[in-house]
>>> print(open('coords-v3.txt').read())   # compact mmCIF, C-alpha atoms and all ligand atoms
# COMPACT_ATOMS: atom_id res chain seq x y z
CA MET A 1 0.00 0.00 0.00
CA ALA A 2 1.33 3.38 -0.95
CA THR A 3 2.19 5.64 1.99
CA THR A 4 1.24 9.29 1.79
CA SER A 5 3.40 12.04 3.26
CA PRO A 6 1.85 14.51 5.64
CA PRO A 7 0.63 17.65 3.91
CA GLY A 8 3.28 20.35 3.36
CA VAL A 9 6.32 17.98 3.30
CA GLY A 10 6.72 18.23 -0.48
CA LEU A 11 6.50 21.99 -0.32
CA ALA A 12 9.09 22.11 2.49
CA LYS A 13 11.45 19.90 0.45
CA GLY A 14 11.12 22.14 -2.59
CA LEU A 15 11.75 25.25 -0.50
CA ALA A 16 14.80 23.62 1.07
CA VAL A 17 16.32 23.08 -2.40
CA THR A 18 15.55 26.68 -3.35
CA ILE A 19 17.11 28.06 -0.18
CA LYS A 20 20.20 25.84 -0.60
CA HIS A 21 20.84 27.18 -4.09
CA LEU A 22 20.09 30.74 -3.09
CA PHE A 23 23.41 30.97 -1.24
CA ARG A 24 25.53 29.12 -3.77
CA TYR A 25 27.66 30.74 -6.47
CA PRO A 26 25.69 30.44 -9.75
CA SER A 27 27.19 27.97 -12.21
CA THR A 28 25.69 29.70 -15.26
CA GLN A 29 28.35 30.85 -17.73
CA MET A 30 27.70 34.23 -19.31
CA TYR A 31 28.47 33.16 -22.88
CA PRO A 32 29.60 34.83 -25.17
CA LYS A 33 31.24 37.26 -22.70
CA GLN A 34 32.60 34.32 -20.78
CA ARG A 35 34.11 31.67 -23.02
CA PRO A 36 33.82 28.03 -22.04
CA ASP A 37 37.13 26.34 -21.37
CA LEU A 38 36.57 23.21 -23.41
CA PRO A 39 38.66 20.05 -23.39
CA PRO A 40 41.21 19.98 -26.24
CA ARG A 41 39.49 17.14 -28.13
CA THR A 42 36.03 18.70 -28.05
CA ARG A 43 33.89 17.75 -31.05
CA GLY A 44 33.34 21.24 -32.41
CA VAL A 45 33.74 20.96 -36.15
CA ILE A 46 35.34 18.48 -38.54
CA ALA A 47 38.48 19.64 -40.35
CA LEU A 48 39.82 18.14 -43.55
CA MET A 49 43.48 17.73 -44.46
CA ASP A 50 42.72 17.31 -48.15
CA GLU A 51 46.25 16.32 -49.14
CA ASN A 52 45.82 13.15 -47.06
CA CYS A 53 42.51 12.18 -48.63
CA THR A 54 42.75 9.35 -51.16
CA VAL A 55 39.03 9.44 -52.00
CA CYS A 56 38.55 5.96 -50.56
CA MET A 57 34.93 6.97 -49.75
CA LEU A 58 34.95 5.13 -46.42
CA CYS A 59 33.80 8.18 -44.48
CA ALA A 60 30.95 8.93 -46.88
CA ARG A 61 29.82 5.29 -46.79
CA GLU A 62 29.94 5.00 -43.01
CA CYS A 63 28.32 8.34 -42.21
CA PRO A 64 24.92 7.47 -40.71
CA ASP A 65 23.45 10.77 -41.88
CA TRP A 66 24.81 10.65 -45.43
CA CYS A 67 25.98 14.21 -45.05
CA ILE A 68 29.44 13.85 -46.64
CA TYR A 69 29.61 14.66 -50.34
CA ILE A 70 32.69 13.67 -52.33
CA ASP A 71 33.46 14.17 -56.03
CA SER A 72 36.66 13.06 -57.71
CA HIS A 73 38.20 12.18 -61.04
CA LYS A 74 40.86 9.71 -62.08
CA GLU A 75 44.33 10.70 -63.23
CA THR A 76 46.99 8.53 -64.80
CA VAL A 77 50.31 8.66 -63.00
CA PRO A 78 53.38 7.83 -65.09
CA PRO A 79 55.37 4.78 -63.88
CA ALA A 80 57.96 5.46 -61.19
CA LYS A 81 60.59 3.38 -63.02
CA GLU A 82 61.21 2.95 -66.72
CA GLY A 83 59.30 -0.04 -68.07
CA GLY A 84 56.85 0.07 -65.17
CA ARG A 85 53.12 0.23 -65.48
CA ALA A 86 51.25 3.52 -65.40
CA ARG A 87 48.89 3.78 -62.45
CA THR A 88 45.64 5.62 -61.98
CA ARG A 89 44.74 7.54 -58.86
CA ASN A 90 41.76 9.46 -57.61
CA VAL A 91 42.01 13.20 -57.37
CA LEU A 92 39.68 14.97 -54.95
CA ASP A 93 37.47 17.60 -56.62
CA ARG A 94 34.90 18.22 -53.96
CA PHE A 95 34.60 17.33 -50.29
CA ALA A 96 31.75 18.83 -48.33
CA ILE A 97 30.10 18.15 -45.00
CA ASP A 98 26.59 19.36 -44.30
CA PHE A 99 26.71 20.36 -40.64
CA SER A 100 22.96 20.95 -40.62
CA LEU A 101 22.62 17.15 -40.88
CA CYS A 102 25.75 15.98 -39.07
CA MET A 103 25.12 14.50 -35.62
CA TYR A 104 28.78 14.73 -34.55
CA CYS A 105 29.07 11.01 -33.98
CA GLY A 106 32.71 11.06 -35.14
CA ILE A 107 32.45 7.87 -37.18
CA CYS A 108 33.97 9.56 -40.25
CA VAL A 109 36.99 10.72 -38.21
CA GLU A 110 37.38 7.24 -36.74
CA VAL A 111 37.17 5.32 -40.00
CA CYS A 112 39.41 7.53 -42.13
CA PRO A 113 42.50 5.35 -42.68
CA PHE A 114 44.66 8.26 -43.85
CA ASP A 115 44.17 10.80 -41.05
CA ALA A 116 42.45 13.21 -43.39
CA LEU A 117 39.63 14.08 -40.97
CA TRP A 118 40.18 15.69 -37.56
CA TRP A 119 38.11 17.15 -34.78
CA SER A 120 38.58 20.84 -34.13
CA PRO A 121 37.27 22.34 -30.86
CA GLU A 122 35.90 25.40 -32.71
CA PHE A 123 32.12 25.52 -32.36
CA GLU A 124 31.15 29.05 -33.37
CA TYR A 125 30.00 28.67 -36.96
CA ALA A 126 26.27 29.21 -36.64
CA GLU A 127 24.68 30.75 -39.74
CA PHE A 128 21.48 32.58 -40.53
CA GLN A 129 21.01 30.51 -43.69
CA ILE A 130 20.86 26.76 -43.23
CA ASP A 131 22.59 26.07 -46.55
CA ASP A 132 25.62 28.01 -45.31
CA LEU A 133 26.23 25.12 -42.93
CA LEU A 134 27.39 23.10 -45.92
CA HIS A 135 31.15 23.48 -45.54
CA GLU A 136 33.10 22.88 -48.74
CA LYS A 137 36.67 21.60 -49.04
CA GLU A 138 38.31 25.02 -48.65
CA ARG A 139 36.38 25.86 -45.48
CA LEU A 140 37.04 22.41 -44.02
CA ARG A 141 40.75 22.93 -44.76
CA GLU A 142 40.72 26.24 -42.90
CA TRP A 143 39.50 24.45 -39.77
CA MET A 144 42.77 22.46 -39.77
CA ASP A 145 44.48 25.57 -38.35
CA THR A 146 42.43 25.16 -35.19
CA VAL A 147 43.11 21.46 -34.66
CA PRO A 148 45.36 21.01 -31.61
CA PRO A 149 48.61 19.21 -32.34
CA PRO A 150 48.65 15.49 -31.52
CA PRO A 151 49.99 14.64 -28.06
CA MET A 152 53.73 14.03 -27.80
CA LEU A 153 54.95 10.44 -27.86
CA GLU A 154 55.77 8.99 -24.50
CA GLU A 155 59.41 8.83 -23.57
CA GLY A 156 61.07 5.85 -25.23
CA ALA A 157 58.17 5.21 -27.62
CA VAL A 158 59.13 4.24 -31.17
CA PRO A 159 57.93 6.85 -33.66
CA PRO A 160 55.60 5.40 -36.32
CA ALA A 161 57.36 4.21 -39.47
CA GLU A 162 54.98 6.24 -41.63
CA ALA A 163 56.11 9.45 -39.94
CA ALA A 164 59.80 8.70 -40.61
CA ASP A 165 58.99 7.81 -44.25
CA ALA A 166 56.97 10.97 -44.68
CA ILE A 167 59.74 13.14 -43.19
CA ALA A 168 62.37 11.52 -45.43
CA LYS A 169 60.14 11.98 -48.47
CA LYS A 170 59.44 15.61 -47.64
CA GLU A 171 63.14 16.32 -47.07
CA LYS A 172 63.95 14.83 -50.47
CA GLU A 173 61.27 16.92 -52.12
CA LEU A 174 62.56 20.07 -50.42
CA GLU A 175 66.12 19.35 -51.47
CA ALA A 176 65.04 18.78 -55.08
CA GLU A 177 62.97 21.95 -55.00
CA ALA A 178 65.82 23.98 -53.50
CA ALA A 179 68.22 22.68 -56.16
CA LYS A 180 65.73 23.55 -58.89
CA GLN A 181 65.19 27.01 -57.45
CA ALA A 182 68.93 27.59 -57.24
CA GLU A 183 69.27 26.71 -60.93
CA VAL A 184 66.52 29.11 -61.90
CA THR A 185 67.64 32.05 -59.74
CA ALA A 186 71.40 31.75 -60.33
CA PRO A 187 72.62 34.50 -62.76
CA PRO A 188 74.51 32.82 -65.65
CA ALA A 189 77.51 35.23 -65.52
CA GLU A 190 78.21 34.49 -61.89
CA ALA A 191 77.29 30.84 -62.04
CA ALA A 192 80.82 29.78 -62.93
CA ALA A 193 82.49 32.00 -60.35
CA ALA A 194 80.19 31.53 -57.35
CA PRO A 195 77.18 29.23 -57.57
CA ALA A 196 74.09 30.96 -56.18
CA GLU A 197 72.58 29.59 -52.99
CA ALA A 198 68.92 28.77 -52.91
CA LYS A 199 66.94 31.41 -51.08
CA PRO A 200 66.06 29.98 -47.64
CA ARG A 201 62.38 29.27 -47.28
CA THR A 202 60.49 29.64 -44.04
CA ALA A 203 59.76 25.90 -43.95
CA ASP A 204 63.49 25.07 -44.36
CA VAL A 205 64.66 27.13 -41.41
CA LYS A 206 65.07 25.24 -38.15
CA VAL A 207 64.12 27.12 -34.97
CA GLU A 208 65.39 26.14 -31.54
CA GLY A 209 63.33 26.60 -28.38
CA ALA A 210 59.83 25.63 -29.54
CA GLY A 211 58.62 25.97 -25.91
CA GLU A 212 58.57 29.75 -26.34
CA ILE A 213 55.41 31.68 -27.14
CA ASP A 214 54.74 35.00 -28.84
CA GLN A 215 53.50 37.09 -25.91
CA GLU A 216 51.79 39.66 -28.10
CA THR A 217 49.69 37.02 -29.90
CA TYR A 218 48.96 35.30 -26.60
CA ASP A 219 47.74 38.51 -24.94
CA ARG A 220 45.64 39.43 -27.97
CA LEU A 221 43.95 36.02 -28.10
CA ILE A 222 43.27 36.03 -24.36
CA ALA A 223 41.83 39.55 -24.71
CA GLU A 224 39.63 38.22 -27.54
CA GLY A 225 38.25 35.65 -25.13
CA LYS A 226 40.06 32.56 -26.48
CA SER A 227 40.79 29.80 -24.03
CA GLU A 228 44.21 29.67 -22.41
CA ARG A 229 44.98 26.44 -24.29
CA ILE A 230 44.13 27.74 -27.77
CA ALA A 231 45.90 31.06 -27.10
CA ARG A 232 49.04 29.24 -25.98
CA SER A 233 49.06 26.89 -28.99
CA LYS A 234 48.52 29.74 -31.47
CA ALA A 235 51.09 31.93 -29.73
CA LYS A 236 53.57 29.09 -29.98
CA SER A 237 53.03 28.79 -33.74
CA ALA A 238 53.26 32.59 -34.08
CA TRP A 239 56.59 32.58 -32.23
CA VAL A 240 58.01 29.84 -34.44
CA ARG A 241 56.73 31.61 -37.57
CA LYS A 242 58.29 34.91 -36.54
CA GLN A 243 61.58 33.27 -35.66
CA LYS A 244 61.66 31.46 -38.98
CA GLU A 245 60.91 34.64 -40.88
CA LYS A 246 63.61 36.46 -38.97
CA LEU A 247 66.17 33.74 -39.59
CA ALA A 248 65.21 33.45 -43.24
CA ALA A 249 65.50 37.24 -43.63
CA GLU A 250 68.94 37.23 -41.97
CA GLN A 251 70.14 34.39 -44.17
CA GLU A 252 68.79 36.11 -47.23
CA ALA A 253 70.43 39.40 -46.28
CA ALA A 254 73.75 37.61 -45.77
CA THR A 255 73.46 35.92 -49.18
CA ALA A 256 72.49 39.19 -50.83
CA GLU A 257 75.46 40.92 -49.22
CA GLU A 258 77.76 38.31 -50.68
CA ARG A 259 76.27 38.70 -54.11
CA GLY A 260 76.42 42.49 -54.04
CA GLY A 261 74.02 45.38 -53.59
CA ASP A 262 72.60 45.26 -57.12
CA GLU A 263 71.14 41.81 -56.69
CA ALA A 264 69.70 42.72 -53.30
CA ALA A 265 67.85 45.56 -54.95
CA ALA A 266 66.55 43.27 -57.67
CA ALA A 267 65.16 40.72 -55.17
CA LYS A 268 61.77 42.26 -54.56
CA PRO A 269 59.64 40.94 -51.71
CA LYS A 270 56.48 39.13 -52.60
CA ALA A 271 53.23 40.01 -50.84
CA ALA A 272 53.19 36.67 -48.98
CA GLU A 273 56.68 37.32 -47.55
CA VAL A 274 55.87 40.69 -46.03
CA HIS A 275 55.11 40.52 -42.30
CA VAL A 276 52.14 42.49 -41.10
CA GLU A 277 50.96 42.96 -37.52
CA ALA A 278 47.59 41.20 -37.59
CA GLY A 279 46.03 42.87 -34.53
CA GLU A 280 44.27 45.44 -36.68
CA ILE A 281 41.08 44.95 -38.67
CA ASP A 282 39.76 46.43 -41.89
CA GLN A 283 36.88 48.56 -40.59
CA GLU A 284 35.14 48.76 -43.96
CA THR A 285 34.97 44.97 -44.32
CA TYR A 286 33.89 44.64 -40.68
CA ASP A 287 31.04 47.12 -41.05
CA GLN A 288 29.92 45.51 -44.28
CA LEU A 289 29.83 42.01 -42.77
CA ILE A 290 28.01 43.20 -39.66
CA ALA A 291 25.48 44.94 -41.91
CA GLU A 292 25.08 41.64 -43.78
CA GLY A 293 24.13 39.97 -40.52
CA LYS A 294 27.37 38.00 -39.95
CA SER A 295 28.32 37.27 -36.37
CA GLU A 296 30.66 39.66 -34.59
CA ARG A 297 33.33 36.99 -34.35
CA MET A 298 33.22 36.01 -38.01
CA ALA A 299 33.14 39.65 -39.16
CA ARG A 300 36.19 40.38 -37.01
CA ALA A 301 38.09 37.38 -38.36
CA LYS A 302 37.33 38.25 -41.98
CA ALA A 303 38.08 41.92 -41.42
CA LYS A 304 41.42 40.94 -39.92
CA ALA A 305 42.25 38.83 -42.96
CA ALA A 306 41.22 41.68 -45.26
CA TYR A 307 43.43 44.09 -43.31
CA VAL A 308 46.44 41.78 -43.50
CA ARG A 309 45.85 41.24 -47.24
CA LYS A 310 45.64 44.97 -47.91
CA GLN A 311 48.69 45.77 -45.82
CA ARG A 312 50.73 43.09 -47.51
CA ALA A 313 49.74 44.30 -50.96
CA LYS A 314 50.62 47.86 -49.91
CA LEU A 315 53.96 46.91 -48.39
CA ALA A 316 54.88 44.75 -51.37
CA ALA A 317 53.99 47.59 -53.76
CA ASP A 318 56.03 50.09 -51.69
CA ALA A 319 58.99 47.73 -51.50
CA GLU A 320 58.83 47.08 -55.20
CA ALA A 321 58.63 50.78 -56.00
CA GLY A 322 61.67 51.34 -53.75
CA ALA A 323 63.57 48.55 -55.47
CA GLU A 324 62.70 49.96 -58.90
CA ASP A 325 63.95 53.41 -57.85
CA GLY A 326 67.16 51.83 -56.57
CA GLY A 327 67.59 49.91 -59.82
CA SER A 328 67.09 52.96 -62.04
CA GLU A 329 69.42 55.09 -59.90
CA ALA A 330 72.09 52.48 -60.20
CA GLY A 331 71.40 52.33 -63.94
CA GLY A 332 71.88 48.60 -63.82
CA GLY A 333 68.92 47.54 -65.94
CA ALA A 334 69.06 44.18 -64.18
CA PRO A 335 66.40 41.66 -65.14
CA GLU A 336 63.36 41.64 -62.84
CA ALA A 337 63.48 38.84 -60.26
CA SER A 338 59.79 38.88 -59.50
CA THR A 339 56.59 39.88 -61.22
CA PRO A 340 55.38 43.48 -60.86
CA ALA A 341 53.04 44.16 -57.97
CA GLU A 342 49.42 43.69 -58.83
CA PRO A 343 46.77 46.09 -57.57
CA ALA A 344 45.32 45.16 -54.18
CA ASP A 345 42.05 44.10 -55.82
CA ALA A 346 43.84 41.45 -57.87
CA ASP A 347 44.76 39.67 -54.62
CA GLU A 348 41.14 39.56 -53.54
CA PRO A 349 39.83 36.04 -54.11
CA LYS A 350 36.59 35.68 -56.01
CA PRO A 351 33.84 35.50 -53.36
CA LYS A 352 32.65 32.00 -52.55
CA PRO A 353 28.91 31.28 -52.51
CA ALA A 354 29.12 30.83 -48.73
CA ASP A 355 30.44 34.42 -48.38
CA VAL A 356 27.60 36.03 -50.33
CA HIS A 357 24.49 37.11 -48.47
CA VAL A 358 21.21 36.96 -50.35
CA GLU A 359 18.12 38.86 -49.27
CA GLY A 360 14.63 37.35 -49.54
CA ALA A 361 15.23 33.70 -48.63
CA GLY A 362 11.44 33.19 -48.59
CA GLU A 363 11.52 32.91 -52.38
CA ILE A 364 11.64 29.58 -54.17
CA ASP A 365 12.95 28.45 -57.53
CA GLN A 366 9.71 27.52 -59.32
CA GLU A 367 11.42 25.30 -61.90
CA THR A 368 13.07 23.15 -59.21
CA TYR A 369 9.84 23.03 -57.24
CA ASP A 370 7.77 21.86 -60.24
CA GLN A 371 10.40 19.30 -61.17
CA LEU A 372 10.51 17.82 -57.64
CA ILE A 373 6.72 17.72 -57.36
CA ALA A 374 6.62 15.96 -60.76
CA GLU A 375 9.17 13.47 -59.40
CA GLY A 376 6.75 12.67 -56.58
CA LYS A 377 8.60 14.48 -53.75
CA SER A 378 6.53 15.76 -50.87
CA GLU A 379 5.41 19.38 -50.92
CA ARG A 380 7.64 20.17 -47.90
CA ILE A 381 10.81 18.70 -49.38
CA ALA A 382 10.17 20.26 -52.79
CA ARG A 383 9.66 23.68 -51.19
CA SER A 384 12.79 23.44 -49.05
CA LYS A 385 14.96 22.30 -51.96
CA ALA A 386 13.48 24.92 -54.26
CA LYS A 387 14.30 27.54 -51.63
CA ALA A 388 17.90 26.35 -51.49
CA ALA A 389 18.08 26.34 -55.30
CA TRP A 390 16.79 29.93 -55.40
CA VAL A 391 19.39 31.11 -52.90
CA ARG A 392 22.14 29.24 -54.78
CA LYS A 393 21.16 30.84 -58.08
CA GLN A 394 20.96 34.31 -56.54
CA LYS A 395 24.39 33.90 -55.01
CA GLN A 396 25.87 32.70 -58.29
CA LYS A 397 24.26 35.65 -60.02
CA LEU A 398 25.75 38.07 -57.49
CA ILE A 399 29.18 36.48 -57.85
CA ASP A 400 29.00 36.59 -61.66
CA GLU A 401 27.97 40.23 -61.55
CA GLY A 402 30.81 40.98 -59.16
CA GLY A 403 33.24 39.12 -61.44
CA ASP A 404 32.03 40.94 -64.56
CA ALA A 405 32.27 44.26 -62.78
S1 LIG A 501 30.38 13.07 -37.47
FE1 LIG A 501 29.00 11.36 -37.96
S2 LIG A 501 27.22 12.36 -38.86
FE2 LIG A 501 28.84 13.88 -38.88
S3 LIG A 501 29.80 13.68 -40.90
FE3 LIG A 501 30.96 12.35 -39.51
S4 LIG A 501 29.98 10.34 -39.69
FE4 LIG A 501 28.57 11.83 -40.56
S1 LIG A 502 37.87 8.12 -45.31
FE1 LIG A 502 39.51 9.65 -45.26
S2 LIG A 502 40.72 9.23 -47.10
FE2 LIG A 502 38.76 8.15 -47.35
S3 LIG A 502 37.49 9.62 -48.50
FE3 LIG A 502 37.07 9.96 -46.33
S4 LIG A 502 38.49 11.61 -45.75
FE4 LIG A 502 39.23 10.78 -47.69
>>> encode(input="coords-v3.txt", output="structure tokens")
Amino acid sequence: MATTSPPGVGLAKGLAVTIKHLFRYPSTQMYPKQRPDLPPRTRGVIALMDENCTVCMLCARECPDWCIYIDSHKETVPPAKEGGRARTRNVLDRFAIDFSLCMYCGICVEVCPFDALWWSPEFEYAEFQIDDLLHEKERLREWMDTVPPPPMLEEGAVPPAEAADAIAKKEKELEAEAAKQAEVTAPPAEAAAAPAEAKPRTADVKVEGAGEIDQETYDRLIAEGKSERIARSKAKSAWVRKQKEKLAAEQEAATAEERGGDEAAAAKPKAAEVHVEAGEIDQETYDQLIAEGKSERMARAKAKAAYVRKQRAKLAADAEAGAEDGGSEAGGGAPEASTPAEPADADEPKPKPADVHVEGAGEIDQETYDQLIAEGKSERIARSKAKAAWVRKQKQKLIDEGGDA
């Protein structure tokens, strides 16, 4: 037989819970002002290292939501040795994940045999348009920058054979590339007297003390609300990058000094080699993106990139103009080592459909709608796909108009 409590006991219990919590510190986090400190392997977004992908299709086949789209074509690779057989290989054309369908189960990351898919802890990629949650190859590649490095091997552990093979292969490639570059850049008159050294590349320069961090980057990221872990990892990369650039510049200056002042003047910096402080943002781009309804974080990131791009183009143009002046004053008429600077607009990539905002998403593409209804699709599905088709067409139209202009 069920026992009944005396009247008022339930109420007293409820009040006791209320009173207990009244004097406790609230555990609510004031996001987005207060950023959550997530574990490093949080399932935020899936990143793609496309150079590792062999188009084996395992991930697409195993995905329970069928939200991975892969397109590829076959290419014939000439035989490695003379008399060998030519091989065919798949070349990745398209890799997209629809995050509006993905349930973050991680099966695709688990099954990929070539470590092409990774979890990134980034989770702030909400969109106003659902079709913008379809991340294409380029966007998935960008997420790789936010993937934390794999944990260090334990002391005494044998490094995997694949890693040693890959390092040896990469070193060989770099050596071959450096030799090729040296052949191209060496002036024929001086080749006999003093063979030109290949210009040191950032990737070739070894930096000691990888435990250091770039304090400026660290402080900026912390001020932006990034977690201590992400800020530290990015600041570490920034420090290594800066050190490499510094060392490469020193080596280059030493080489140029050996070759003489004329050659140093002829070696014009390329836009990608000019270092720009990235703390600033391009206000115009920021305002435009905010007006388009992009999130504050995304607008800031894109505005930062735009600022860096503009500054680099400007610095490269200035440096080139300076080098040209130097060359004409010297009256050398030396052949140009690099291509003339392009206007800043030429560096601007053509906007991707995901970057274009289209007004009036209530519209539908009637042709698609009629076709789907004729194919026997439900009214709801036909309408939603026709909506997506309309937005896609509008975006393409806007991009084409932008390109023509
Ligand atoms: S996490 Fe799961 S649902 Fe999402 S793409 Fe990978 S396999 Fe598909
Ligand atoms: S499983 Fe890995 S290698 Fe295979 S298609 Fe997917 S991402 Fe590419």
>>> closest_residue(input="coords-v3.txt", among="A:Ala291, A:Leu58, A:Ile70, A:Ala80", to="A:Asp98", atoms="all atoms listed in the file")
A:Ile70
>>> residues_near_ligand(input="coords-v3.txt", ligand="ligand LIG 501 (chain A)", cutoff="6 Å", atoms="only C-alpha atoms and all ligand atoms", output="PDB file with C-alpha atoms, in the coordinates of the input")
ATOM      1  CA  CYS A  63      28.320   8.340 -42.210  1.00  0.00           C
ATOM      2  CA  PRO A  64      24.920   7.470 -40.710  1.00  0.00           C
ATOM      3  CA  ASP A  65      23.450  10.770 -41.880  1.00  0.00           C
ATOM      4  CA  CYS A  67      25.980  14.210 -45.050  1.00  0.00           C
ATOM      5  CA  ILE A  68      29.440  13.850 -46.640  1.00  0.00           C
ATOM      6  CA  CYS A 102      25.750  15.980 -39.070  1.00  0.00           C
ATOM      7  CA  MET A 103      25.120  14.500 -35.620  1.00  0.00           C
ATOM      8  CA  TYR A 104      28.780  14.730 -34.550  1.00  0.00           C
ATOM      9  CA  CYS A 105      29.070  11.010 -33.980  1.00  0.00           C
ATOM     10  CA  GLY A 106      32.710  11.060 -35.140  1.00  0.00           C
ATOM     11  CA  ILE A 107      32.450   7.870 -37.180  1.00  0.00           C
ATOM     12  CA  CYS A 108      33.970   9.560 -40.250  1.00  0.00           C
TER      13      CYS A 108
END
>>> residues_around(input="coords-v3.txt", residues="stretch 123-133 of chain A", least_positions_apart="6", cutoff="6 Å", atoms="all atoms listed in the file", output="list of chain:residue names")
A:Gly44, A:Asp98, A:Phe99, A:Ser100, A:Ala354
>>> write_last_selection(input="coords-v3.txt", atoms="C-alpha atoms", output="mmCIF file, keeping the file's coordinate frame")
data_model
loop_
_atom_site.group_PDB
_atom_site.id
_atom_site.type_symbol
_atom_site.label_atom_id
_atom_site.label_comp_id
_atom_site.auth_asym_id
_atom_site.auth_seq_id
_atom_site.Cartn_x
_atom_site.Cartn_y
_atom_site.Cartn_z
ATOM 1 C CA GLY A 44 33.340 21.240 -32.410
ATOM 2 C CA ASP A 98 26.590 19.360 -44.300
ATOM 3 C CA PHE A 99 26.710 20.360 -40.640
ATOM 4 C CA SER A 100 22.960 20.950 -40.620
ATOM 5 C CA ALA A 354 29.120 30.830 -48.730
#
>>> atom_distance(input="coords-v3.txt", atom1="atom CA of A:Ala382", atom2="atom CA of A:Ile97")
21.5 Å
>>> atom_distance(input="coords-v3.txt", atom1="atom CA of A:Ile381", atom2="atom CA of A:Trp66")
16.6 Å
>>> closest_residue(input="coords-v3.txt", among="A:Ala316, A:Leu38, A:Tyr25, A:Lys137", to="ligand LIG 502 (chain A)", atoms="only C-alpha atoms and all ligand atoms")
A:Lys137
>>> residues_near_ligand(input="coords-v3.txt", ligand="ligand LIG 502 (chain A)", cutoff="10 Å", atoms="all atoms listed in the file", output="ChimeraX atom specification")
/A:47-63,68-72,92,95,107-118
>>> decode(input="coords-v3.txt", residues="stretch 66-114 of chain A", atoms="C-alpha atoms", output="short mmCIF file (atom, residue, chain, number, x, y, z; two decimals), in the first residue's frame")
data_model
loop_
_atom_site.label_atom_id
_atom_site.label_comp_id
_atom_site.auth_asym_id
_atom_site.auth_seq_id
_atom_site.Cartn_x
_atom_site.Cartn_y
_atom_site.Cartn_z
CA TRP A 66 24.81 10.65 -45.43
CA CYS A 67 25.98 14.21 -45.05
CA ILE A 68 29.44 13.85 -46.64
CA TYR A 69 29.61 14.66 -50.34
CA ILE A 70 32.69 13.67 -52.33
CA ASP A 71 33.46 14.17 -56.03
CA SER A 72 36.66 13.06 -57.71
CA HIS A 73 38.20 12.18 -61.04
CA LYS A 74 40.86 9.71 -62.08
CA GLU A 75 44.33 10.70 -63.23
CA THR A 76 46.99 8.53 -64.80
CA VAL A 77 50.31 8.66 -63.00
CA PRO A 78 53.38 7.83 -65.09
CA PRO A 79 55.37 4.78 -63.88
CA ALA A 80 57.96 5.46 -61.19
CA LYS A 81 60.59 3.38 -63.02
CA GLU A 82 61.21 2.95 -66.72
CA GLY A 83 59.30 -0.04 -68.07
CA GLY A 84 56.85 0.07 -65.17
CA ARG A 85 53.12 0.23 -65.48
CA ALA A 86 51.25 3.52 -65.40
CA ARG A 87 48.89 3.78 -62.45
CA THR A 88 45.64 5.62 -61.98
CA ARG A 89 44.74 7.54 -58.86
CA ASN A 90 41.76 9.46 -57.61
CA VAL A 91 42.01 13.20 -57.37
CA LEU A 92 39.68 14.97 -54.95
CA ASP A 93 37.47 17.60 -56.62
CA ARG A 94 34.90 18.22 -53.96
CA PHE A 95 34.60 17.33 -50.29
CA ALA A 96 31.75 18.83 -48.33
CA ILE A 97 30.10 18.15 -45.00
CA ASP A 98 26.59 19.36 -44.30
CA PHE A 99 26.71 20.36 -40.64
CA SER A 100 22.96 20.95 -40.62
CA LEU A 101 22.62 17.15 -40.88
CA CYS A 102 25.75 15.98 -39.07
CA MET A 103 25.12 14.50 -35.62
CA TYR A 104 28.78 14.73 -34.55
CA CYS A 105 29.07 11.01 -33.98
CA GLY A 106 32.71 11.06 -35.14
CA ILE A 107 32.45 7.87 -37.18
CA CYS A 108 33.97 9.56 -40.25
CA VAL A 109 36.99 10.72 -38.21
CA GLU A 110 37.38 7.24 -36.74
CA VAL A 111 37.17 5.32 -40.00
CA CYS A 112 39.41 7.53 -42.13
CA PRO A 113 42.50 5.35 -42.68
CA PHE A 114 44.66 8.26 -43.85
#
